>>> print(open('data20.cif').read())   # mmCIF, C-alpha atoms
data_model
#
loop_
_atom_site.label_atom_id
_atom_site.label_comp_id
_atom_site.auth_asym_id
_atom_site.auth_seq_id
_atom_site.Cartn_x
_atom_site.Cartn_y
_atom_site.Cartn_z
CA ASP A 30 21.04 7.59 -3.42
CA LEU A 31 17.84 5.99 -4.73
CA ASP A 32 15.39 6.28 -1.83
CA ARG A 33 11.67 5.45 -1.61
CA LEU A 34 11.19 4.46 -5.25
CA ILE A 35 8.57 2.23 -6.85
CA VAL A 36 9.94 0.59 -10.01
CA ARG A 37 7.10 -1.53 -11.37
CA ASN A 38 5.77 -3.14 -14.58
CA ASN A 39 8.69 -2.17 -16.80
CA ASN A 40 9.70 -4.37 -19.73
CA THR A 41 12.67 -4.70 -22.06
CA THR A 42 13.42 -7.06 -24.93
CA ASN A 43 17.14 -6.16 -24.90
CA SER A 44 18.98 -9.24 -23.67
CA GLU A 45 21.61 -7.08 -21.92
CA SER A 46 19.22 -4.86 -19.95
CA PRO A 47 16.93 -5.38 -16.96
CA GLY A 48 13.34 -4.33 -16.98
CA GLY A 49 13.85 -2.44 -13.73
CA ILE A 50 16.96 -0.53 -12.62
CA LEU A 51 20.15 -0.38 -14.67
CA VAL A 52 23.30 1.23 -13.26
CA ALA A 53 26.44 0.93 -15.36
CA SER A 54 28.88 3.57 -14.17
CA ALA A 55 31.82 4.09 -11.87
CA ARG A 56 30.01 5.52 -8.86
CA SER A 57 28.58 4.53 -5.50
CA VAL A 58 25.04 3.16 -5.62
CA SER A 59 22.53 3.04 -2.77
CA LEU A 60 18.97 1.70 -3.09
CA VAL A 61 16.86 2.14 0.06
CA ASN A 62 13.19 1.76 1.10
CA SER A 63 12.10 0.87 -2.43
CA LEU A 64 9.78 -1.58 -4.18
CA ILE A 65 11.06 -3.34 -7.33
CA LEU A 66 8.05 -5.29 -8.62
CA ASP A 67 6.82 -7.16 -11.71
CA ASN A 68 9.55 -6.04 -14.10
CA THR A 69 10.19 -8.30 -17.09
CA CYS A 70 13.14 -8.79 -19.40
CA ALA A 71 14.52 -11.11 -22.04
CA ASN A 72 17.16 -13.00 -20.11
CA GLY A 73 17.63 -11.70 -16.55
CA PRO A 74 18.33 -10.04 -14.28
CA CYS A 75 14.99 -8.24 -14.50
CA GLY A 76 14.75 -6.41 -11.18
CA ALA A 77 18.07 -4.56 -11.15
CA LYS A 78 21.49 -4.78 -12.75
CA ILE A 79 24.27 -2.82 -11.04
CA VAL A 80 27.64 -2.98 -12.79
CA THR A 81 30.25 -0.55 -11.50
CA GLY A 82 33.79 0.40 -12.39
CA GLN A 83 36.98 0.31 -10.36
CA ALA A 84 36.57 3.87 -9.05
CA VAL A 85 33.34 3.09 -7.19
CA ALA A 86 33.32 3.27 -3.39
CA GLY A 87 30.53 0.78 -2.78
CA VAL A 88 27.08 -0.63 -3.55
CA ASP A 89 24.33 -1.19 -1.04
CA ILE A 90 20.70 -2.28 -1.18
CA ARG A 91 18.85 -1.78 2.10
CA ASN A 92 15.30 -2.23 3.37
CA SER A 93 13.76 -2.80 -0.05
CA THR A 94 11.28 -5.34 -1.41
CA ILE A 95 12.21 -7.05 -4.70
CA ALA A 96 9.38 -9.27 -5.95
CA ARG A 97 8.00 -11.17 -8.96
CA ASN A 98 10.53 -10.03 -11.54
CA ARG A 99 10.60 -12.52 -14.42
CA CYS A 100 11.29 -13.43 -18.06
CA PRO A 101 8.00 -14.03 -19.91
CA ALA A 102 9.50 -15.72 -22.98
CA ILE A 103 11.98 -18.10 -21.31
CA ALA A 104 12.81 -19.37 -17.85
CA CYS A 105 15.14 -16.84 -16.24
CA PRO A 106 18.12 -18.42 -14.49
CA MET A 107 18.28 -15.31 -12.27
CA ALA A 108 15.54 -12.67 -12.51
CA GLY A 109 16.15 -10.72 -9.32
CA VAL A 110 19.22 -8.50 -8.79
CA LEU A 111 22.75 -8.71 -10.21
CA ILE A 112 25.56 -6.79 -8.47
CA ASP A 113 28.95 -6.73 -10.19
CA ASN A 114 31.11 -4.50 -8.02
CA PHE A 115 34.81 -4.07 -7.25
CA PHE A 116 34.54 -2.72 -3.71
CA SER A 117 32.26 -3.04 -0.67
CA THR A 118 28.80 -4.51 -1.27
CA LEU A 119 26.04 -4.61 1.34
CA VAL A 120 22.65 -6.26 0.86
CA GLY A 121 20.75 -5.95 4.11
CA ASN A 122 17.20 -6.00 5.50
CA ASN A 123 15.59 -6.71 2.10
CA ALA A 124 12.62 -8.93 1.25
CA PHE A 125 13.18 -10.98 -1.93
CA HIS A 126 9.97 -12.74 -3.02
CA GLU A 127 9.04 -14.93 -5.99
CA ASN A 128 11.58 -13.60 -8.47
CA GLU A 129 12.00 -16.17 -11.22
CA GLY A 130 15.04 -18.40 -10.81
CA THR A 131 17.69 -17.23 -8.37
CA GLN A 132 16.89 -14.13 -6.30
CA LEU A 133 20.31 -12.45 -6.21
CA GLU A 134 23.75 -12.78 -7.78
CA PHE A 135 27.03 -11.34 -6.58
CA ALA A 136 29.73 -11.14 -9.22
CA PRO A 137 32.35 -9.09 -7.37
CA VAL A 138 36.07 -9.06 -8.03
CA ASN A 139 36.64 -8.82 -4.29
CA ALA A 140 34.39 -11.43 -2.65
CA ASN A 141 35.76 -10.51 0.77
CA ALA A 142 33.90 -7.18 0.55
CA VAL A 143 30.40 -8.69 0.20
CA SER A 144 27.99 -8.64 3.15
CA LEU A 145 24.56 -10.36 3.06
CA ARG A 146 22.70 -9.58 6.29
CA ASN A 147 19.17 -10.10 7.60
CA ASN A 148 17.33 -10.55 4.31
CA ARG A 149 14.32 -12.69 3.48
CA ILE A 150 15.91 -14.60 0.60
CA ASP A 151 15.64 -18.17 -0.70
CA SER A 152 18.58 -18.37 -3.10
CA PHE A 153 21.63 -16.48 -4.29
CA ILE A 154 24.73 -16.96 -6.42
CA GLY A 155 28.17 -16.08 -5.08
CA THR A 156 30.02 -16.47 -1.80
CA PRO A 157 29.65 -13.42 0.42
CA ALA A 158 32.27 -13.01 3.12
CA GLU A 159 29.47 -12.25 5.58
CA ASN A 160 26.21 -14.24 5.45
CA VAL A 161 24.27 -13.75 8.68
CA GLY A 162 20.72 -13.39 9.94
CA ASN A 163 19.01 -14.28 6.66
CA ILE A 164 15.52 -15.83 6.66
CA VAL A 165 14.97 -18.71 4.23
CA ALA A 166 11.85 -20.64 3.19
CA LEU A 167 9.38 -18.83 5.43
CA ASN A 168 6.14 -17.22 4.34
CA PRO A 169 7.04 -13.50 4.53
CA GLY A 170 3.62 -12.55 5.88
CA PHE A 171 2.72 -9.84 3.40
CA VAL A 172 -0.77 -8.34 3.71
CA ASP A 173 -1.78 -9.40 0.18
CA ALA A 174 1.08 -10.15 -2.22
CA ALA A 175 -1.34 -11.36 -4.93
CA GLY A 176 -3.07 -7.98 -4.68
CA ASN A 177 0.29 -6.12 -4.76
CA ASN A 178 0.22 -5.17 -1.09
CA PHE A 179 3.67 -5.97 0.28
CA ARG A 180 3.15 -4.33 3.65
CA LEU A 181 3.64 -6.64 6.62
CA ARG A 182 0.94 -8.35 8.66
CA PRO A 183 1.21 -8.21 12.47
CA ASP A 184 2.23 -11.90 12.43
CA SER A 185 4.95 -11.52 9.78
CA PRO A 186 8.32 -13.12 10.60
CA LEU A 187 9.95 -10.04 9.02
CA LEU A 188 8.82 -7.75 11.85
CA ASP A 189 11.62 -6.45 14.10
CA THR A 190 14.16 -8.88 12.59
CA GLY A 191 16.22 -6.44 10.52
CA ASP A 192 19.75 -5.45 11.47
CA ALA A 193 19.43 -2.15 13.37
CA ALA A 194 23.04 -1.29 12.49
CA ILE A 195 22.07 -0.98 8.81
CA SER A 196 20.89 2.57 8.17
CA ALA A 197 17.51 2.88 6.46
CA GLY A 198 16.90 6.58 6.90
CA ASP A 199 14.01 8.08 8.85
CA PHE A 200 11.03 6.89 6.77
CA ASP A 201 9.83 3.78 4.96
CA LEU A 202 8.20 3.72 1.51
CA ASP A 203 4.85 4.82 2.99
CA GLY A 204 6.43 7.66 4.97
CA ASN A 205 6.12 5.79 8.28
CA ALA A 206 8.93 6.17 10.79
CA ARG A 207 11.83 3.76 10.92
CA THR A 208 12.21 2.06 13.42
CA ASN A 209 8.81 1.34 14.98
CA GLY A 210 8.76 -1.46 17.52
CA ARG A 211 11.48 -3.59 19.13
CA GLY A 212 13.59 -3.57 15.96
CA ARG A 213 13.70 -2.63 12.31
CA ASP A 214 11.39 -4.50 9.93
CA ILE A 215 12.70 -6.26 6.81
CA GLY A 216 11.57 -4.89 3.45
CA ALA A 217 10.33 -1.56 2.13
CA TYR A 218 7.56 -1.14 4.69
CA GLU A 219 7.71 -0.67 8.46
CA LEU A 220 4.57 -1.80 10.27
CA PRO A 221 3.20 1.17 12.24
CA TYR A 222 2.26 -0.08 15.67
CA GLN A 223 -1.09 0.91 17.15
CA VAL A 224 -0.83 1.50 20.89
CA PHE A 225 -4.60 1.74 21.47
CA ALA A 226 -7.28 0.27 19.24
CA ASP A 227 -10.39 2.27 18.31
CA GLY A 228 -12.93 2.06 21.12
CA PHE A 229 -10.40 0.89 23.74
CA GLU A 230 -12.02 3.22 26.27
CA SER A 231 -15.43 1.50 25.92
CA ASP A 232 -16.68 -0.86 28.59
#
>>> encode(input="data20.cif", output="structure tokens")
Amino acid sequence: DLDRLIVRNNNTTNSESPGGILVASARSVSLVNSLILDNTCANGPCGAKIVTGQAVAGVDIRNSTIARNRCPAIACPMAGVLIDNFFSTLVGNNAFHENEGTQLEFAPVNANAVSLRNNRIDSFIGTPAENVGNIVALNPGFVDAAGNNFRLRPDSPLLDTGDAAISAGDFDLDGNARTNGRGRDIGAYELPYQVFADGFESD
């Protein structure tokens, strides 16, 4: 399992490799509560490339934020995440934001095993068997994406809209508890709710 990672500002000029995460082996892969940000590559995908063999049990990406991955030299057709997997694939409760070109590509042999659930995502390639609860074309409500702060504002549409059935472990990328509020938040960060504001006891 890859849990609570920050993979940021990596670069490759190899046309076959991503700038971010590369997995090319016959094993299960799980990426959870992580931030994949500002990675660059020659041709895409630049955020992550997960290519597994026939012996793998499954691939899942959960409660992560994948943002602004790109190809500086050319226009990437798909700069986000590529998953080429033979068995079950789950992409759930993730925030995809401003990756160049298409955000996500499924290239599975068994399309019936792909589940895309409760993500903030504008575009993807492939036909997942399950495509439910995804948020499209809405401002994600990050605190300050331009300043690299991908935590959620109190008015974010990603608050409490994740699928609670998708396990995200006990802690988000900041070490805050999951879940906090009426439901699980989408992305790498859970907004910690404040029950009482400072000075609430003052007249």
>>> residues_around(input="data20.cif", residues="segment 121-132 of chain A", least_positions_apart="5", cutoff="8 Å", atoms="all atoms listed in the file", output="ChimeraX atom specification")
/A:89-100,104-110,144-154,169,191-192,195,214-217
>>> write_last_selection(input="data20.cif", atoms="C-alpha atoms", output="PDB file, keeping the file's coordinate frame")
ATOM      1  CA  ASP A  89      24.330  -1.190  -1.040  1.00  0.00           C
ATOM      2  CA  ILE A  90      20.700  -2.280  -1.180  1.00  0.00           C
ATOM      3  CA  ARG A  91      18.850  -1.780   2.100  1.00  0.00           C
ATOM      4  CA  ASN A  92      15.300  -2.230   3.370  1.00  0.00           C
ATOM      5  CA  SER A  93      13.760  -2.800  -0.050  1.00  0.00           C
ATOM      6  CA  THR A  94      11.280  -5.340  -1.410  1.00  0.00           C
ATOM      7  CA  ILE A  95      12.210  -7.050  -4.700  1.00  0.00           C
ATOM      8  CA  ALA A  96       9.380  -9.270  -5.950  1.00  0.00           C
ATOM      9  CA  ARG A  97       8.000 -11.170  -8.960  1.00  0.00           C
ATOM     10  CA  ASN A  98      10.530 -10.030 -11.540  1.00  0.00           C
ATOM     11  CA  ARG A  99      10.600 -12.520 -14.420  1.00  0.00           C
ATOM     12  CA  CYS A 100      11.290 -13.430 -18.060  1.00  0.00           C
ATOM     13  CA  ALA A 104      12.810 -19.370 -17.850  1.00  0.00           C
ATOM     14  CA  CYS A 105      15.140 -16.840 -16.240  1.00  0.00           C
ATOM     15  CA  PRO A 106      18.120 -18.420 -14.490  1.00  0.00           C
ATOM     16  CA  MET A 107      18.280 -15.310 -12.270  1.00  0.00           C
ATOM     17  CA  ALA A 108      15.540 -12.670 -12.510  1.00  0.00           C
ATOM     18  CA  GLY A 109      16.150 -10.720  -9.320  1.00  0.00           C
ATOM     19  CA  VAL A 110      19.220  -8.500  -8.790  1.00  0.00           C
ATOM     20  CA  SER A 144      27.990  -8.640   3.150  1.00  0.00           C
ATOM     21  CA  LEU A 145      24.560 -10.360   3.060  1.00  0.00           C
ATOM     22  CA  ARG A 146      22.700  -9.580   6.290  1.00  0.00           C
ATOM     23  CA  ASN A 147      19.170 -10.100   7.600  1.00  0.00           C
ATOM     24  CA  ASN A 148      17.330 -10.550   4.310  1.00  0.00           C
ATOM     25  CA  ARG A 149      14.320 -12.690   3.480  1.00  0.00           C
ATOM     26  CA  ILE A 150      15.910 -14.600   0.600  1.00  0.00           C
ATOM     27  CA  ASP A 151      15.640 -18.170  -0.700  1.00  0.00           C
ATOM     28  CA  SER A 152      18.580 -18.370  -3.100  1.00  0.00           C
ATOM     29  CA  PHE A 153      21.630 -16.480  -4.290  1.00  0.00           C
ATOM     30  CA  ILE A 154      24.730 -16.960  -6.420  1.00  0.00           C
ATOM     31  CA  PRO A 169       7.040 -13.500   4.530  1.00  0.00           C
ATOM     32  CA  GLY A 191      16.220  -6.440  10.520  1.00  0.00           C
ATOM     33  CA  ASP A 192      19.750  -5.450  11.470  1.00  0.00           C
ATOM     34  CA  ILE A 195      22.070  -0.980   8.810  1.00  0.00           C
ATOM     35  CA  ASP A 214      11.390  -4.500   9.930  1.00  0.00           C
ATOM     36  CA  ILE A 215      12.700  -6.260   6.810  1.00  0.00           C
ATOM     37  CA  GLY A 216      11.570  -4.890   3.450  1.00  0.00           C
ATOM     38  CA  ALA A 217      10.330  -1.560   2.130  1.00  0.00           C
TER      39      ALA A 217
END
>>> residues_around(input="data20.cif", residues="segment 210-213 of chain A", least_positions_apart="4", cutoff="10 Å", atoms="only C-alpha atoms", output="number ranges by chain")
A: 92, 122, 187-197, 218-222
>>> resolve_selection(input="data20.cif", expression="the PyMOL selection byres ((chain A and resi 136) around 12)", output="PDB file with C-alpha atoms, keeping the file's coordinate frame")
ATOM      1  CA  LYS A  78      21.490  -4.780 -12.750  1.00  0.00           C
ATOM      2  CA  ILE A  79      24.270  -2.820 -11.040  1.00  0.00           C
ATOM      3  CA  VAL A  80      27.640  -2.980 -12.790  1.00  0.00           C
ATOM      4  CA  THR A  81      30.250  -0.550 -11.500  1.00  0.00           C
ATOM      5  CA  VAL A 110      19.220  -8.500  -8.790  1.00  0.00           C
ATOM      6  CA  LEU A 111      22.750  -8.710 -10.210  1.00  0.00           C
ATOM      7  CA  ILE A 112      25.560  -6.790  -8.470  1.00  0.00           C
ATOM      8  CA  ASP A 113      28.950  -6.730 -10.190  1.00  0.00           C
ATOM      9  CA  ASN A 114      31.110  -4.500  -8.020  1.00  0.00           C
ATOM     10  CA  PHE A 115      34.810  -4.070  -7.250  1.00  0.00           C
ATOM     11  CA  PHE A 116      34.540  -2.720  -3.710  1.00  0.00           C
ATOM     12  CA  THR A 118      28.800  -4.510  -1.270  1.00  0.00           C
ATOM     13  CA  LEU A 133      20.310 -12.450  -6.210  1.00  0.00           C
ATOM     14  CA  GLU A 134      23.750 -12.780  -7.780  1.00  0.00           C
ATOM     15  CA  PHE A 135      27.030 -11.340  -6.580  1.00  0.00           C
ATOM     16  CA  PRO A 137      32.350  -9.090  -7.370  1.00  0.00           C
ATOM     17  CA  VAL A 138      36.070  -9.060  -8.030  1.00  0.00           C
ATOM     18  CA  ASN A 139      36.640  -8.820  -4.290  1.00  0.00           C
ATOM     19  CA  ALA A 140      34.390 -11.430  -2.650  1.00  0.00           C
ATOM     20  CA  ASN A 141      35.760 -10.510   0.770  1.00  0.00           C
ATOM     21  CA  ALA A 142      33.900  -7.180   0.550  1.00  0.00           C
ATOM     22  CA  VAL A 143      30.400  -8.690   0.200  1.00  0.00           C
ATOM     23  CA  PHE A 153      21.630 -16.480  -4.290  1.00  0.00           C
ATOM     24  CA  ILE A 154      24.730 -16.960  -6.420  1.00  0.00           C
ATOM     25  CA  GLY A 155      28.170 -16.080  -5.080  1.00  0.00           C
ATOM     26  CA  THR A 156      30.020 -16.470  -1.800  1.00  0.00           C
ATOM     27  CA  PRO A 157      29.650 -13.420   0.420  1.00  0.00           C
TER      28      PRO A 157
END
>>> residues_around(input="data20.cif", residues="Val88 of chain A", least_positions_apart="3", cutoff="7 Å", atoms="all atoms listed in the file", output="list in words")
Ser57, Val58, Ser59, Ser117, Thr118 and Leu119 of chain A
>>> closest_residue(input="data20.cif", among="A:Leu60, A:Leu34, A:Ile65, A:Cys70", to="Gly204 of chain A", atoms="all atoms listed in the file")
A:Leu34
>>> resolve_selection(input="data20.cif", expression="the PyMOL selection byres ((chain A and resi 37) around 12)", output="compact mmCIF listing (two decimals) with C-alpha atoms, in the coordinates of the input")
# COMPACT_ATOMS: atom_id res chain seq x y z
CA LEU A 34 11.19 4.46 -5.25
CA ILE A 35 8.57 2.23 -6.85
CA VAL A 36 9.94 0.59 -10.01
CA ASN A 38 5.77 -3.14 -14.58
CA ASN A 39 8.69 -2.17 -16.80
CA ASN A 40 9.70 -4.37 -19.73
CA PRO A 47 16.93 -5.38 -16.96
CA GLY A 48 13.34 -4.33 -16.98
CA GLY A 49 13.85 -2.44 -13.73
CA ILE A 50 16.96 -0.53 -12.62
CA SER A 63 12.10 0.87 -2.43
CA LEU A 64 9.78 -1.58 -4.18
CA ILE A 65 11.06 -3.34 -7.33
CA LEU A 66 8.05 -5.29 -8.62
CA ASP A 67 6.82 -7.16 -11.71
CA ASN A 68 9.55 -6.04 -14.10
CA THR A 69 10.19 -8.30 -17.09
CA CYS A 75 14.99 -8.24 -14.50
CA GLY A 76 14.75 -6.41 -11.18
CA ALA A 77 18.07 -4.56 -11.15
CA THR A 94 11.28 -5.34 -1.41
CA ILE A 95 12.21 -7.05 -4.70
CA ALA A 96 9.38 -9.27 -5.95
CA ARG A 97 8.00 -11.17 -8.96
CA ASN A 98 10.53 -10.03 -11.54
CA ARG A 99 10.60 -12.52 -14.42
CA ASN A 177 0.29 -6.12 -4.76
>>> residues_around(input="data20.cif", residues="Ile103 of chain A", least_positions_apart="6", cutoff="10 Å", atoms="only C-alpha atoms", output="MDAnalysis selection string")
chainID A and resid 70:73
>>> atom_distance(input="data20.cif", atom1="atom CA of Asp201 of chain A", atom2="atom CA of Arg33 of chain A")
7.0 Å
>>> atom_distance(input="data20.cif", atom1="atom CA of Pro186 of chain A", atom2="atom CA of Ala166 of chain A")
11.1 Å
>>> build_atoms(input="data20.cif", residues="segment 146-157 of chain A", atoms="all heavy atoms", output="mmCIF file, keeping the file's coordinate frame")
data_model
loop_
_atom_site.group_PDB
_atom_site.id
_atom_site.type_symbol
_atom_site.label_atom_id
_atom_site.label_comp_id
_atom_site.auth_asym_id
_atom_site.auth_seq_id
_atom_site.Cartn_x
_atom_site.Cartn_y
_atom_site.Cartn_z
ATOM 1 N N ARG A 146 23.123 -9.595 4.887
ATOM 2 C CA ARG A 146 22.700 -9.580 6.290
ATOM 3 C C ARG A 146 21.188 -9.351 6.430
ATOM 4 O O ARG A 146 20.635 -8.394 5.894
ATOM 5 C CB ARG A 146 23.427 -8.470 7.049
ATOM 6 C CG ARG A 146 24.892 -8.741 7.253
ATOM 7 C CD ARG A 146 25.724 -7.516 7.532
ATOM 8 N NE ARG A 146 25.195 -6.592 8.513
ATOM 9 C CZ ARG A 146 25.672 -5.351 8.671
ATOM 10 N NH1 ARG A 146 26.662 -4.909 7.911
ATOM 11 N NH2 ARG A 146 25.150 -4.557 9.586
ATOM 12 N N ASN A 147 20.549 -10.261 7.137
ATOM 13 C CA ASN A 147 19.170 -10.100 7.600
ATOM 14 C C ASN A 147 18.186 -9.826 6.458
ATOM 15 O O ASN A 147 17.349 -8.925 6.550
ATOM 16 C CB ASN A 147 19.093 -8.974 8.634
ATOM 17 C CG ASN A 147 19.822 -9.334 9.922
ATOM 18 O OD1 ASN A 147 21.040 -9.453 9.922
ATOM 19 N ND2 ASN A 147 19.085 -9.508 11.007
ATOM 20 N N ASN A 148 18.279 -10.623 5.412
ATOM 21 C CA ASN A 148 17.330 -10.550 4.310
ATOM 22 C C ASN A 148 16.359 -11.717 4.369
ATOM 23 O O ASN A 148 16.667 -12.772 4.922
ATOM 24 C CB ASN A 148 18.065 -10.610 2.962
ATOM 25 C CG ASN A 148 19.061 -9.491 2.801
ATOM 26 O OD1 ASN A 148 18.716 -8.391 2.415
ATOM 27 N ND2 ASN A 148 20.330 -9.771 3.095
ATOM 28 N N ARG A 149 15.196 -11.554 3.754
ATOM 29 C CA ARG A 149 14.320 -12.690 3.480
ATOM 30 C C ARG A 149 14.664 -13.102 2.050
ATOM 31 O O ARG A 149 14.329 -12.415 1.091
ATOM 32 C CB ARG A 149 12.856 -12.270 3.614
ATOM 33 C CG ARG A 149 11.871 -13.448 3.615
ATOM 34 C CD ARG A 149 11.581 -13.947 2.226
ATOM 35 N NE ARG A 149 10.736 -15.122 2.244
ATOM 36 C CZ ARG A 149 10.606 -15.939 1.211
ATOM 37 N NH1 ARG A 149 11.266 -15.725 0.091
ATOM 38 N NH2 ARG A 149 9.821 -16.984 1.297
ATOM 39 N N ILE A 150 15.406 -14.204 1.914
ATOM 40 C CA ILE A 150 15.910 -14.600 0.600
ATOM 41 C C ILE A 150 16.040 -16.120 0.553
ATOM 42 O O ILE A 150 16.505 -16.743 1.506
ATOM 43 C CB ILE A 150 17.266 -13.907 0.305
ATOM 44 C CG1 ILE A 150 17.723 -14.178 -1.122
ATOM 45 C CG2 ILE A 150 18.327 -14.276 1.337
ATOM 46 C CD1 ILE A 150 18.862 -13.287 -1.570
ATOM 47 N N ASP A 151 15.606 -16.712 -0.567
ATOM 48 C CA ASP A 151 15.640 -18.170 -0.700
ATOM 49 C C ASP A 151 16.880 -18.681 -1.427
ATOM 50 O O ASP A 151 17.297 -19.817 -1.200
ATOM 51 C CB ASP A 151 14.392 -18.667 -1.433
ATOM 52 C CG ASP A 151 13.135 -18.524 -0.593
ATOM 53 O OD1 ASP A 151 13.242 -18.599 0.644
ATOM 54 O OD2 ASP A 151 12.056 -18.308 -1.166
ATOM 55 N N SER A 152 17.447 -17.870 -2.331
ATOM 56 C CA SER A 152 18.580 -18.370 -3.100
ATOM 57 C C SER A 152 19.420 -17.215 -3.612
ATOM 58 O O SER A 152 18.908 -16.132 -3.895
ATOM 59 C CB SER A 152 18.080 -19.202 -4.294
ATOM 60 O OG SER A 152 17.252 -18.415 -5.145
ATOM 61 N N PHE A 153 20.726 -17.464 -3.710
ATOM 62 C CA PHE A 153 21.630 -16.480 -4.290
ATOM 63 C C PHE A 153 22.841 -17.173 -4.880
ATOM 64 O O PHE A 153 23.149 -18.316 -4.542
ATOM 65 C CB PHE A 153 22.040 -15.411 -3.264
ATOM 66 C CG PHE A 153 22.782 -15.948 -2.059
ATOM 67 C CD1 PHE A 153 24.163 -16.051 -2.064
ATOM 68 C CD2 PHE A 153 22.089 -16.336 -0.926
ATOM 69 C CE1 PHE A 153 24.847 -16.540 -0.963
ATOM 70 C CE2 PHE A 153 22.751 -16.824 0.185
ATOM 71 C CZ PHE A 153 24.138 -16.924 0.172
ATOM 72 N N ILE A 154 23.526 -16.459 -5.770
ATOM 73 C CA ILE A 154 24.730 -16.960 -6.420
ATOM 74 C C ILE A 154 25.913 -16.120 -5.945
ATOM 75 O O ILE A 154 25.836 -14.889 -5.924
ATOM 76 C CB ILE A 154 24.611 -16.872 -7.955
ATOM 77 C CG1 ILE A 154 23.474 -17.766 -8.455
ATOM 78 C CG2 ILE A 154 25.924 -17.271 -8.629
ATOM 79 C CD1 ILE A 154 23.132 -17.557 -9.920
ATOM 80 N N GLY A 155 26.988 -16.771 -5.586
ATOM 81 C CA GLY A 155 28.170 -16.080 -5.080
ATOM 82 C C GLY A 155 28.443 -16.498 -3.652
ATOM 83 O O GLY A 155 27.628 -17.176 -3.006
ATOM 84 N N THR A 156 29.599 -16.101 -3.150
ATOM 85 C CA THR A 156 30.020 -16.470 -1.800
ATOM 86 C C THR A 156 30.355 -15.218 -1.017
ATOM 87 O O THR A 156 31.498 -14.766 -1.004
ATOM 88 C CB THR A 156 31.237 -17.410 -1.842
ATOM 89 O OG1 THR A 156 30.950 -18.516 -2.707
ATOM 90 C CG2 THR A 156 31.568 -17.933 -0.448
ATOM 91 N N PRO A 157 29.356 -14.625 -0.357
ATOM 92 C CA PRO A 157 29.650 -13.420 0.420
ATOM 93 C C PRO A 157 30.525 -13.732 1.620
ATOM 94 O O PRO A 157 30.402 -14.798 2.237
ATOM 95 C CB PRO A 157 28.266 -12.936 0.851
ATOM 96 C CG PRO A 157 27.401 -14.142 0.813
ATOM 97 C CD PRO A 157 27.937 -14.997 -0.288
#
